[in-house]
Amino acid sequence: MTSRSRPRGFAMRHLGVYPGLTTYAVPLPDGNYSTDRNGNPKITRVTLEPEGYPVPHRPDDLTNGQWAFATNGPRRWQSAVTMFGDRAEAIAAELARNGCIILECDFRDARVILPPRGWAPHPDLHAARQEHTNQRAARRAAQDDEAHRLSVELALYPAAEPLAALLRALRDGAYRDHVIEAARVLLTDKTMPGTGEVEPWAAVRWLKRGAQADYELDDESLAEGGQGAVYGGTHRHSHVRVALKQLRYGDEDSRHRMKREISIGHLYGEHPNVMPLLDSDPDGRWFVMPLASGSAANHAERLQRQTEALQDLVTAVCEGLRRPHTDGRIHRDIKPANVLLLNGKWVVADWGLGRQPRGETSVPHRTRTGTGFGSEGFAAPELSSGNPHNATAAADIYSIGRLIAAILTGERPEQNLPLLPAPGPWRLVVTEATRHKATDRPQNVDDLLGLLNDTQ
């Protein structure tokens, strides 16, 4: 950029009226000052300009419209008040300190008269804008080259086509930078080939950035519970359909439970029988998951008719719980609405009431279950009495038994009342899984699967 323009006139530093700005006397058009009877300069107009000759810099809190108003031409003070209201003087001083405008003030009785008469754009502003334009053009050219290179490399992987399409379609901007960075990460990730062929939602996970604005939600919710509501939606950039769960209340307990659900999604979401987590709010107010094809409740009629289909569901739930149980985590809310059909596989969802391993739950009362926090009729007896944090894997085994009974009978279980299917192999499985005393039940998923295999 050209060397910084020097202010016209001479400095009157002892008359500074805004911090960071110096008062300069303004000469007459011929370059001279009129004088009084004693030969002293007679000044009627002054300018206020920044100290240190800063490179013009736009303040962060101005909108595009306000910035254009401030810098596209001279402005009278009344126009500034109309635009900025009570903030006019503070904004004008900040613009002047940033080297964007030159404030003009009347000077009477040895005083600078405020507010200013108005302002004019600083001569250096045009040069700064031109330099910014040149830098942006160079940056965009480099971005174009990088996007083209990455899209060519991604073409080797059919699963990455949504990213390659975005790299070809986007023009400049911060989101294109985000997509470029996501593509770089994928191309160095050895697990990418094949991903997306069985996970059509993979692009959403690759492009996650914790911004709810990336999703357009449907008007009607898919489901609502005590903690939050689930909405169908679309990822605006990849156009992949998703489900977004968001809190109904913003209290600390609700956020804690959702953060727990997000944490478990990160830990186990790669398992084929656990609902994957695609994106989430850093503050724990919402998260995104793939859009399922209904729950076990929606498919109850088919599951009643097809023993093999019900076996597949129970096996999938057990496999989804296996690693969490090994790690000391208990779901505590297994029920038909929380077992979802995703891409042809059953997955365990909604870990909001999950019990963390011992020592990881900071506030014990958050683990309560029952009508207020759990699902009455599906919760094991020990969850509604005593300390539910002491629950073992047998509590989830009980809930699986109640889930089977609810599907086969078409009835909702009532708390602490037996519910058994018609005589047959499933009746024995439910009987053993739902015994009142936790130690009398199968103690882990392998025990339950063994019982299932022995009776079918």
# chains A, B, ... in the order shown; residues from 1 in each chain; ligands from 1
call {"tool": "closest_atom_pairs", "arguments": {"of": "range 270-360 of chain A", "to": "range 378-401 of chain A", "cutoff": "8 Å", "atoms": "only C-alpha atoms", "output": "Markdown table"}}
result
| residue | atom | partner | partner_atom | distance |
| --- | --- | --- | --- | --- |
| A:Val314 | CA | A:Ile400 | CA | 7.4 |
| A:His325 | CA | A:Ala393 | CA | 6.2 |
| A:Ile330 | CA | A:Ala393 | CA | 6.1 |
| A:His331 | CA | A:Asp396 | CA | 6.5 |
| A:Arg332 | CA | A:Asp396 | CA | 5.8 |
| A:Asp333 | CA | A:Ala379 | CA | 6.6 |
| A:Ile334 | CA | A:Ser399 | CA | 5.5 |
| A:Lys335 | CA | A:Phe378 | CA | 6.3 |
| A:Arg355 | CA | A:His389 | CA | 6.5 |
call {"tool": "residues_around", "arguments": {"residues": "Ile264 in chain A", "least_positions_apart": "4", "cutoff": "9 Å", "atoms": "only C-alpha atoms", "output": "list in words"}}
result
Lys259, Arg260, Tyr268, Gly269, Leu277, Pro324, Trp351 and Gly354 of chain A
call {"tool": "residues_around", "arguments": {"residues": "range 337-343 of chain A", "least_positions_apart": "4", "cutoff": "9 Å", "atoms": "only C-alpha atoms", "output": "PyMOL selection string"}}
result
chain A and resi 198-200+273+275+290-299+313+317+333+347-351
call {"tool": "write_last_selection", "arguments": {"atoms": "N, CA and C atoms", "output": "JSON list (two decimals), in the first residue's frame"}}
result
[["chain", "number", "residue", "atom", "x", "y", "z"],
["A", 198, "VAL", "N", -22.35, -47.78, 2.81],
["A", 198, "VAL", "CA", -23.29, -48.37, 3.74],
["A", 198, "VAL", "C", -23.77, -47.33, 4.75],
["A", 199, "GLU", "N", -23.22, -46.11, 4.67],
["A", 199, "GLU", "CA", -23.61, -45.02, 5.56],
["A", 199, "GLU", "C", -23.90, -43.78, 4.71],
["A", 200, "PRO", "N", -25.09, -43.68, 4.17],
["A", 200, "PRO", "CA", -25.40, -42.54, 3.30],
["A", 200, "PRO", "C", -25.36, -41.20, 4.02],
["A", 273, "ASN", "N", -24.95, -51.44, 15.82],
["A", 273, "ASN", "CA", -26.22, -51.53, 16.54],
["A", 273, "ASN", "C", -26.39, -50.42, 17.58],
["A", 275, "MET", "N", -27.00, -46.12, 17.66],
["A", 275, "MET", "CA", -27.31, -44.96, 16.82],
["A", 275, "MET", "C", -26.08, -44.05, 16.69],
["A", 290, "PRO", "N", -28.63, -39.88, 12.16],
["A", 290, "PRO", "CA", -29.31, -40.27, 10.92],
["A", 290, "PRO", "C", -30.82, -40.40, 11.14],
["A", 291, "LEU", "N", -31.57, -40.24, 10.08],
["A", 291, "LEU", "CA", -33.02, -40.37, 10.16],
["A", 291, "LEU", "C", -33.40, -41.84, 10.02],
["A", 292, "ALA", "N", -33.98, -42.40, 11.06],
["A", 292, "ALA", "CA", -34.33, -43.83, 11.08],
["A", 292, "ALA", "C", -35.63, -44.09, 10.34],
["A", 293, "SER", "N", -35.86, -45.38, 10.05],
["A", 293, "SER", "CA", -37.09, -45.80, 9.37],
["A", 293, "SER", "C", -38.09, -46.33, 10.39],
["A", 294, "GLY", "N", -38.30, -45.58, 11.45],
["A", 294, "GLY", "CA", -39.25, -45.97, 12.46],
["A", 294, "GLY", "C", -38.60, -46.73, 13.60],
["A", 295, "SER", "N", -39.41, -46.99, 14.62],
["A", 295, "SER", "CA", -38.95, -47.68, 15.82],
["A", 295, "SER", "C", -39.55, -49.07, 15.89],
["A", 296, "ALA", "N", -39.16, -49.82, 16.92],
["A", 296, "ALA", "CA", -39.75, -51.14, 17.12],
["A", 296, "ALA", "C", -41.25, -51.03, 17.32],
["A", 297, "ALA", "N", -41.70, -49.94, 17.91],
["A", 297, "ALA", "CA", -43.14, -49.74, 18.08],
["A", 297, "ALA", "C", -43.84, -49.62, 16.72],
["A", 298, "ASN", "N", -43.20, -48.93, 15.76],
["A", 298, "ASN", "CA", -43.79, -48.77, 14.43],
["A", 298, "ASN", "C", -43.83, -50.08, 13.66],
["A", 299, "HIS", "N", -42.92, -51.00, 13.96],
["A", 299, "HIS", "CA", -42.82, -52.27, 13.23],
["A", 299, "HIS", "C", -43.36, -53.43, 14.05],
["A", 313, "LEU", "N", -34.04, -58.42, 16.18],
["A", 313, "LEU", "CA", -34.12, -57.21, 16.99],
["A", 313, "LEU", "C", -33.47, -57.43, 18.36],
["A", 317, "VAL", "N", -30.12, -55.52, 19.86],
["A", 317, "VAL", "CA", -30.11, -54.75, 21.11],
["A", 317, "VAL", "C", -29.01, -55.26, 22.03],
["A", 333, "ASP", "N", -33.17, -47.34, 29.83],
["A", 333, "ASP", "CA", -34.43, -46.88, 29.21],
["A", 333, "ASP", "C", -34.70, -47.63, 27.91],
["A", 347, "VAL", "N", -30.91, -50.41, 15.89],
["A", 347, "VAL", "CA", -29.90, -49.70, 16.69],
["A", 347, "VAL", "C", -30.53, -49.23, 18.00],
["A", 348, "VAL", "N", -29.69, -49.21, 19.04],
["A", 348, "VAL", "CA", -30.12, -48.69, 20.34],
["A", 348, "VAL", "C", -29.90, -47.18, 20.34],
["A", 349, "ALA", "N", -30.93, -46.43, 20.74],
["A", 349, "ALA", "CA", -30.85, -44.96, 20.74],
["A", 349, "ALA", "C", -31.26, -44.43, 22.11],
["A", 350, "ASP", "N", -31.13, -43.12, 22.27],
["A", 350, "ASP", "CA", -31.58, -42.38, 23.45],
["A", 350, "ASP", "C", -30.93, -42.88, 24.74],
["A", 351, "TRP", "N", -29.68, -42.44, 24.94],
["A", 351, "TRP", "CA", -28.92, -42.81, 26.13],
["A", 351, "TRP", "C", -28.99, -41.73, 27.20]]
call {"tool": "residues_around", "arguments": {"residues": "Ala160 in chain A", "least_positions_apart": "2", "cutoff": "12 Å", "atoms": "only C-alpha atoms", "output": "ChimeraX atom specification"}}
result
/A:150-158,162-167,179,182-184,186-187,192-197,199-207,238
call {"tool": "closest_residue", "arguments": {"among": "A:Pro74, A:Pro116, A:Gly265, A:Gly344", "to": "Asp312 in chain A", "atoms": "only C-alpha atoms"}}
result
A:Gly344
call {"tool": "select_by_dssp", "arguments": {"residues": "range 169-262 of chain A", "states": "helix (DSSP H, G or I)", "output": "PyMOL selection string"}}
result
chain A and resi 169+174-187+202-206+212-214+252-262
call {"tool": "closest_residue", "arguments": {"among": "A:Leu170, A:Tyr231, A:Val274, A:Phe287", "to": "Lys208 in chain A", "atoms": "only C-alpha atoms"}}
result
A:Phe287
call {"tool": "select_by_dssp", "arguments": {"residues": "range 135-276 of chain A", "states": "strand (DSSP E or B)", "output": "list in words"}}
result
Tyr215, Glu216, Leu217, Asp218, Asp219, Glu220, Ser221, Leu222, Ala223, Glu224, Gly228, Ala229, Val230, Tyr231, Gly232, Gly233, Thr234, His235, Arg241, Val242, Ala243, Leu244, Lys245, Gln246, Leu247 and Val274 of chain A
call {"tool": "residues_around", "arguments": {"residues": "range 11-22 of chain A", "least_positions_apart": "2", "cutoff": "7 Å", "atoms": "only C-alpha atoms", "output": "PyMOL selection string"}}
result
chain A and resi 9+24-25+48-51+93+97
call {"tool": "residues_around", "arguments": {"residues": "Leu95 in chain A", "least_positions_apart": "2", "cutoff": "9 Å", "atoms": "only C-alpha atoms", "output": "PDB file with C-alpha atoms, in the first residue's frame"}}
result
ATOM      1  CA  PRO A  56      -7.817   1.441   7.751  1.00  0.00           C
ATOM      2  CA  HIS A  57      -9.651  -1.362   9.529  1.00  0.00           C
ATOM      3  CA  ARG A  58     -13.401  -2.050   9.685  1.00  0.00           C
ATOM      4  CA  PRO A  59     -14.838  -2.295  13.220  1.00  0.00           C
ATOM      5  CA  ALA A  70     -19.963   5.229   6.822  1.00  0.00           C
ATOM      6  CA  ALA A  90     -19.072   6.284  19.792  1.00  0.00           C
ATOM      7  CA  ILE A  91     -19.178   4.636  16.343  1.00  0.00           C
ATOM      8  CA  ALA A  92     -17.816   7.757  14.625  1.00  0.00           C
ATOM      9  CA  ALA A  93     -14.891   7.951  17.057  1.00  0.00           C
ATOM     10  CA  ARG A  97      -9.476   5.715  15.335  1.00  0.00           C
ATOM     11  CA  ASN A  98      -9.411   2.836  12.819  1.00  0.00           C
ATOM     12  CA  GLY A  99      -8.318   5.217  10.062  1.00  0.00           C
ATOM     13  CA  CYS A 100     -11.564   4.899   8.084  1.00  0.00           C
ATOM     14  CA  ILE A 101     -12.938   8.453   8.291  1.00  0.00           C
ATOM     15  CA  ILE A 102     -11.839  12.003   9.092  1.00  0.00           C
TER      16      ILE A 102
END
call {"tool": "atom_distance", "arguments": {"atom1": "CA of Glu319 in chain A", "atom2": "CA of Val445 in chain A"}}
result
7.6 Å
call {"tool": "atom_distance", "arguments": {"atom1": "CA of Leu217 in chain A", "atom2": "CA of Val288 in chain A"}}
result
11.1 Å
call {"tool": "atom_distance", "arguments": {"atom1": "CA of Arg248 in chain A", "atom2": "CA of Arg402 in chain A"}}
result
27.9 Å
call {"tool": "decode", "arguments": {"residues": "range 89-132 of chain A", "atoms": "N, CA and C atoms", "output": "PDB file, in the first residue's frame"}}
result
ATOM      1  N   GLU A  89     -22.000   8.831  18.129  1.00  0.00           N
ATOM      2  CA  GLU A  89     -20.736   9.455  18.490  1.00  0.00           C
ATOM      3  C   GLU A  89     -19.666   8.399  18.781  1.00  0.00           C
ATOM      4  N   ALA A  90     -20.034   7.337  19.483  1.00  0.00           N
ATOM      5  CA  ALA A  90     -19.072   6.284  19.792  1.00  0.00           C
ATOM      6  C   ALA A  90     -18.607   5.575  18.523  1.00  0.00           C
ATOM      7  N   ILE A  91     -19.539   5.314  17.596  1.00  0.00           N
ATOM      8  CA  ILE A  91     -19.178   4.636  16.343  1.00  0.00           C
ATOM      9  C   ILE A  91     -18.290   5.530  15.491  1.00  0.00           C
ATOM     10  N   ALA A  92     -18.626   6.834  15.419  1.00  0.00           N
ATOM     11  CA  ALA A  92     -17.816   7.757  14.625  1.00  0.00           C
ATOM     12  C   ALA A  92     -16.386   7.829  15.155  1.00  0.00           C
ATOM     13  N   ALA A  93     -16.232   7.891  16.481  1.00  0.00           N
ATOM     14  CA  ALA A  93     -14.891   7.951  17.057  1.00  0.00           C
ATOM     15  C   ALA A  93     -14.120   6.669  16.763  1.00  0.00           C
ATOM     16  N   GLU A  94     -14.802   5.515  16.828  1.00  0.00           N
ATOM     17  CA  GLU A  94     -14.129   4.246  16.547  1.00  0.00           C
ATOM     18  C   GLU A  94     -13.709   4.154  15.088  1.00  0.00           C
ATOM     19  N   LEU A  95     -14.576   4.595  14.180  1.00  0.00           N
ATOM     20  CA  LEU A  95     -14.227   4.618  12.760  1.00  0.00           C
ATOM     21  C   LEU A  95     -13.018   5.516  12.509  1.00  0.00           C
ATOM     22  N   ALA A  96     -12.986   6.662  13.183  1.00  0.00           N
ATOM     23  CA  ALA A  96     -11.862   7.584  13.009  1.00  0.00           C
ATOM     24  C   ALA A  96     -10.585   6.972  13.577  1.00  0.00           C
ATOM     25  N   ARG A  97     -10.660   6.350  14.749  1.00  0.00           N
ATOM     26  CA  ARG A  97      -9.476   5.715  15.335  1.00  0.00           C
ATOM     27  C   ARG A  97      -8.934   4.595  14.450  1.00  0.00           C
ATOM     28  N   ASN A  98      -9.833   3.914  13.710  1.00  0.00           N
ATOM     29  CA  ASN A  98      -9.411   2.836  12.819  1.00  0.00           C
ATOM     30  C   ASN A  98      -8.950   3.338  11.457  1.00  0.00           C
ATOM     31  N   GLY A  99      -8.839   4.667  11.304  1.00  0.00           N
ATOM     32  CA  GLY A  99      -8.318   5.217  10.062  1.00  0.00           C
ATOM     33  C   GLY A  99      -9.279   5.169   8.891  1.00  0.00           C
ATOM     34  N   CYS A 100     -10.581   5.037   9.160  1.00  0.00           N
ATOM     35  CA  CYS A 100     -11.564   4.899   8.084  1.00  0.00           C
ATOM     36  C   CYS A 100     -12.166   6.232   7.665  1.00  0.00           C
ATOM     37  N   ILE A 101     -12.319   7.159   8.606  1.00  0.00           N
ATOM     38  CA  ILE A 101     -12.938   8.453   8.291  1.00  0.00           C
ATOM     39  C   ILE A 101     -12.151   9.570   8.962  1.00  0.00           C
ATOM     40  N   ILE A 102     -12.376  10.794   8.472  1.00  0.00           N
ATOM     41  CA  ILE A 102     -11.839  12.003   9.092  1.00  0.00           C
ATOM     42  C   ILE A 102     -13.022  12.795   9.622  1.00  0.00           C
ATOM     43  N   LEU A 103     -13.067  12.992  10.938  1.00  0.00           N
ATOM     44  CA  LEU A 103     -14.153  13.755  11.539  1.00  0.00           C
ATOM     45  C   LEU A 103     -13.897  15.246  11.363  1.00  0.00           C
ATOM     46  N   GLU A 104     -14.944  15.996  11.076  1.00  0.00           N
ATOM     47  CA  GLU A 104     -14.848  17.447  10.913  1.00  0.00           C
ATOM     48  C   GLU A 104     -15.669  18.129  12.001  1.00  0.00           C
ATOM     49  N   CYS A 105     -15.044  19.079  12.692  1.00  0.00           N
ATOM     50  CA  CYS A 105     -15.712  19.778  13.782  1.00  0.00           C
ATOM     51  C   CYS A 105     -15.543  21.283  13.644  1.00  0.00           C
ATOM     52  N   ASP A 106     -16.530  22.036  14.137  1.00  0.00           N
ATOM     53  CA  ASP A 106     -16.378  23.492  14.251  1.00  0.00           C
ATOM     54  C   ASP A 106     -15.439  23.799  15.411  1.00  0.00           C
ATOM     55  N   PHE A 107     -14.805  24.998  15.330  1.00  0.00           N
ATOM     56  CA  PHE A 107     -13.866  25.424  16.374  1.00  0.00           C
ATOM     57  C   PHE A 107     -14.211  26.860  16.738  1.00  0.00           C
ATOM     58  N   ARG A 108     -14.684  27.051  17.992  1.00  0.00           N
ATOM     59  CA  ARG A 108     -15.067  28.393  18.437  1.00  0.00           C
ATOM     60  C   ARG A 108     -14.606  28.609  19.867  1.00  0.00           C
ATOM     61  N   ASP A 109     -14.169  29.842  20.131  1.00  0.00           N
ATOM     62  CA  ASP A 109     -13.768  30.220  21.493  1.00  0.00           C
ATOM     63  C   ASP A 109     -12.731  29.241  22.058  1.00  0.00           C
ATOM     64  N   ALA A 110     -11.775  28.871  21.198  1.00  0.00           N
ATOM     65  CA  ALA A 110     -10.676  27.984  21.578  1.00  0.00           C
ATOM     66  C   ALA A 110     -11.171  26.597  22.014  1.00  0.00           C
ATOM     67  N   ARG A 111     -12.336  26.166  21.496  1.00  0.00           N
ATOM     68  CA  ARG A 111     -12.894  24.865  21.835  1.00  0.00           C
ATOM     69  C   ARG A 111     -13.306  24.103  20.579  1.00  0.00           C
ATOM     70  N   VAL A 112     -13.126  22.796  20.636  1.00  0.00           N
ATOM     71  CA  VAL A 112     -13.665  21.929  19.591  1.00  0.00           C
ATOM     72  C   VAL A 112     -15.127  21.690  19.905  1.00  0.00           C
ATOM     73  N   ILE A 113     -16.002  21.998  18.974  1.00  0.00           N
ATOM     74  CA  ILE A 113     -17.444  21.882  19.200  1.00  0.00           C
ATOM     75  C   ILE A 113     -17.905  20.470  18.838  1.00  0.00           C
ATOM     76  N   LEU A 114     -18.519  19.811  19.806  1.00  0.00           N
ATOM     77  CA  LEU A 114     -19.081  18.485  19.599  1.00  0.00           C
ATOM     78  C   LEU A 114     -20.595  18.532  19.717  1.00  0.00           C
ATOM     79  N   PRO A 115     -21.322  17.647  19.032  1.00  0.00           N
ATOM     80  CA  PRO A 115     -20.793  16.573  18.193  1.00  0.00           C
ATOM     81  C   PRO A 115     -20.202  17.113  16.893  1.00  0.00           C
ATOM     82  N   PRO A 116     -19.503  16.269  16.127  1.00  0.00           N
ATOM     83  CA  PRO A 116     -18.906  16.720  14.872  1.00  0.00           C
ATOM     84  C   PRO A 116     -19.952  17.226  13.889  1.00  0.00           C
ATOM     85  N   ARG A 117     -19.481  17.998  12.919  1.00  0.00           N
ATOM     86  CA  ARG A 117     -20.366  18.419  11.818  1.00  0.00           C
ATOM     87  C   ARG A 117     -20.679  17.254  10.899  1.00  0.00           C
ATOM     88  N   GLY A 118     -19.729  16.322  10.808  1.00  0.00           N
ATOM     89  CA  GLY A 118     -19.868  15.166   9.920  1.00  0.00           C
ATOM     90  C   GLY A 118     -18.504  14.556   9.675  1.00  0.00           C
ATOM     91  N   TRP A 119     -18.392  13.788   8.573  1.00  0.00           N
ATOM     92  CA  TRP A 119     -17.096  13.181   8.266  1.00  0.00           C
ATOM     93  C   TRP A 119     -16.966  12.914   6.780  1.00  0.00           C
ATOM     94  N   ALA A 120     -15.756  12.568   6.399  1.00  0.00           N
ATOM     95  CA  ALA A 120     -15.453  12.153   5.034  1.00  0.00           C
ATOM     96  C   ALA A 120     -14.581  10.906   5.101  1.00  0.00           C
ATOM     97  N   PRO A 121     -14.682   9.996   4.122  1.00  0.00           N
ATOM     98  CA  PRO A 121     -13.808   8.816   4.122  1.00  0.00           C
ATOM     99  C   PRO A 121     -12.345   9.248   4.074  1.00  0.00           C
ATOM    100  N   HIS A 122     -11.491   8.541   4.789  1.00  0.00           N
ATOM    101  CA  HIS A 122     -10.072   8.864   4.771  1.00  0.00           C
ATOM    102  C   HIS A 122      -9.477   8.522   3.410  1.00  0.00           C
ATOM    103  N   PRO A 123      -8.561   9.337   2.873  1.00  0.00           N
ATOM    104  CA  PRO A 123      -7.964   9.057   1.559  1.00  0.00           C
ATOM    105  C   PRO A 123      -7.321   7.682   1.469  1.00  0.00           C
ATOM    106  N   ASP A 124      -6.810   7.152   2.577  1.00  0.00           N
ATOM    107  CA  ASP A 124      -6.152   5.845   2.535  1.00  0.00           C
ATOM    108  C   ASP A 124      -7.137   4.682   2.434  1.00  0.00           C
ATOM    109  N   LEU A 125      -8.424   4.954   2.681  1.00  0.00           N
ATOM    110  CA  LEU A 125      -9.395   3.868   2.703  1.00  0.00           C
ATOM    111  C   LEU A 125      -9.499   3.195   1.337  1.00  0.00           C
ATOM    112  N   HIS A 126      -9.484   3.973   0.278  1.00  0.00           N
ATOM    113  CA  HIS A 126      -9.590   3.394  -1.072  1.00  0.00           C
ATOM    114  C   HIS A 126      -8.422   2.453  -1.340  1.00  0.00           C
ATOM    115  N   ALA A 127      -7.206   2.894  -0.963  1.00  0.00           N
ATOM    116  CA  ALA A 127      -6.034   2.050  -1.177  1.00  0.00           C
ATOM    117  C   ALA A 127      -6.133   0.764  -0.367  1.00  0.00           C
ATOM    118  N   ALA A 128      -6.625   0.860   0.871  1.00  0.00           N
ATOM    119  CA  ALA A 128      -6.772  -0.323   1.704  1.00  0.00           C
ATOM    120  C   ALA A 128      -7.802  -1.285   1.117  1.00  0.00           C
ATOM    121  N   ARG A 129      -8.886  -0.723   0.598  1.00  0.00           N
ATOM    122  CA  ARG A 129      -9.905  -1.577  -0.026  1.00  0.00           C
ATOM    123  C   ARG A 129      -9.339  -2.288  -1.256  1.00  0.00           C
ATOM    124  N   GLN A 130      -8.565  -1.569  -2.039  1.00  0.00           N
ATOM    125  CA  GLN A 130      -7.997  -2.169  -3.236  1.00  0.00           C
ATOM    126  C   GLN A 130      -7.045  -3.303  -2.863  1.00  0.00           C
ATOM    127  N   GLU A 131      -6.255  -3.075  -1.826  1.00  0.00           N
ATOM    128  CA  GLU A 131      -5.342  -4.128  -1.382  1.00  0.00           C
ATOM    129  C   GLU A 131      -6.114  -5.337  -0.883  1.00  0.00           C
ATOM    130  N   HIS A 132      -7.198  -5.078  -0.143  1.00  0.00           N
ATOM    131  CA  HIS A 132      -8.035  -6.175   0.337  1.00  0.00           C
ATOM    132  C   HIS A 132      -8.632  -6.948  -0.834  1.00  0.00           C
TER     133      HIS A 132
END
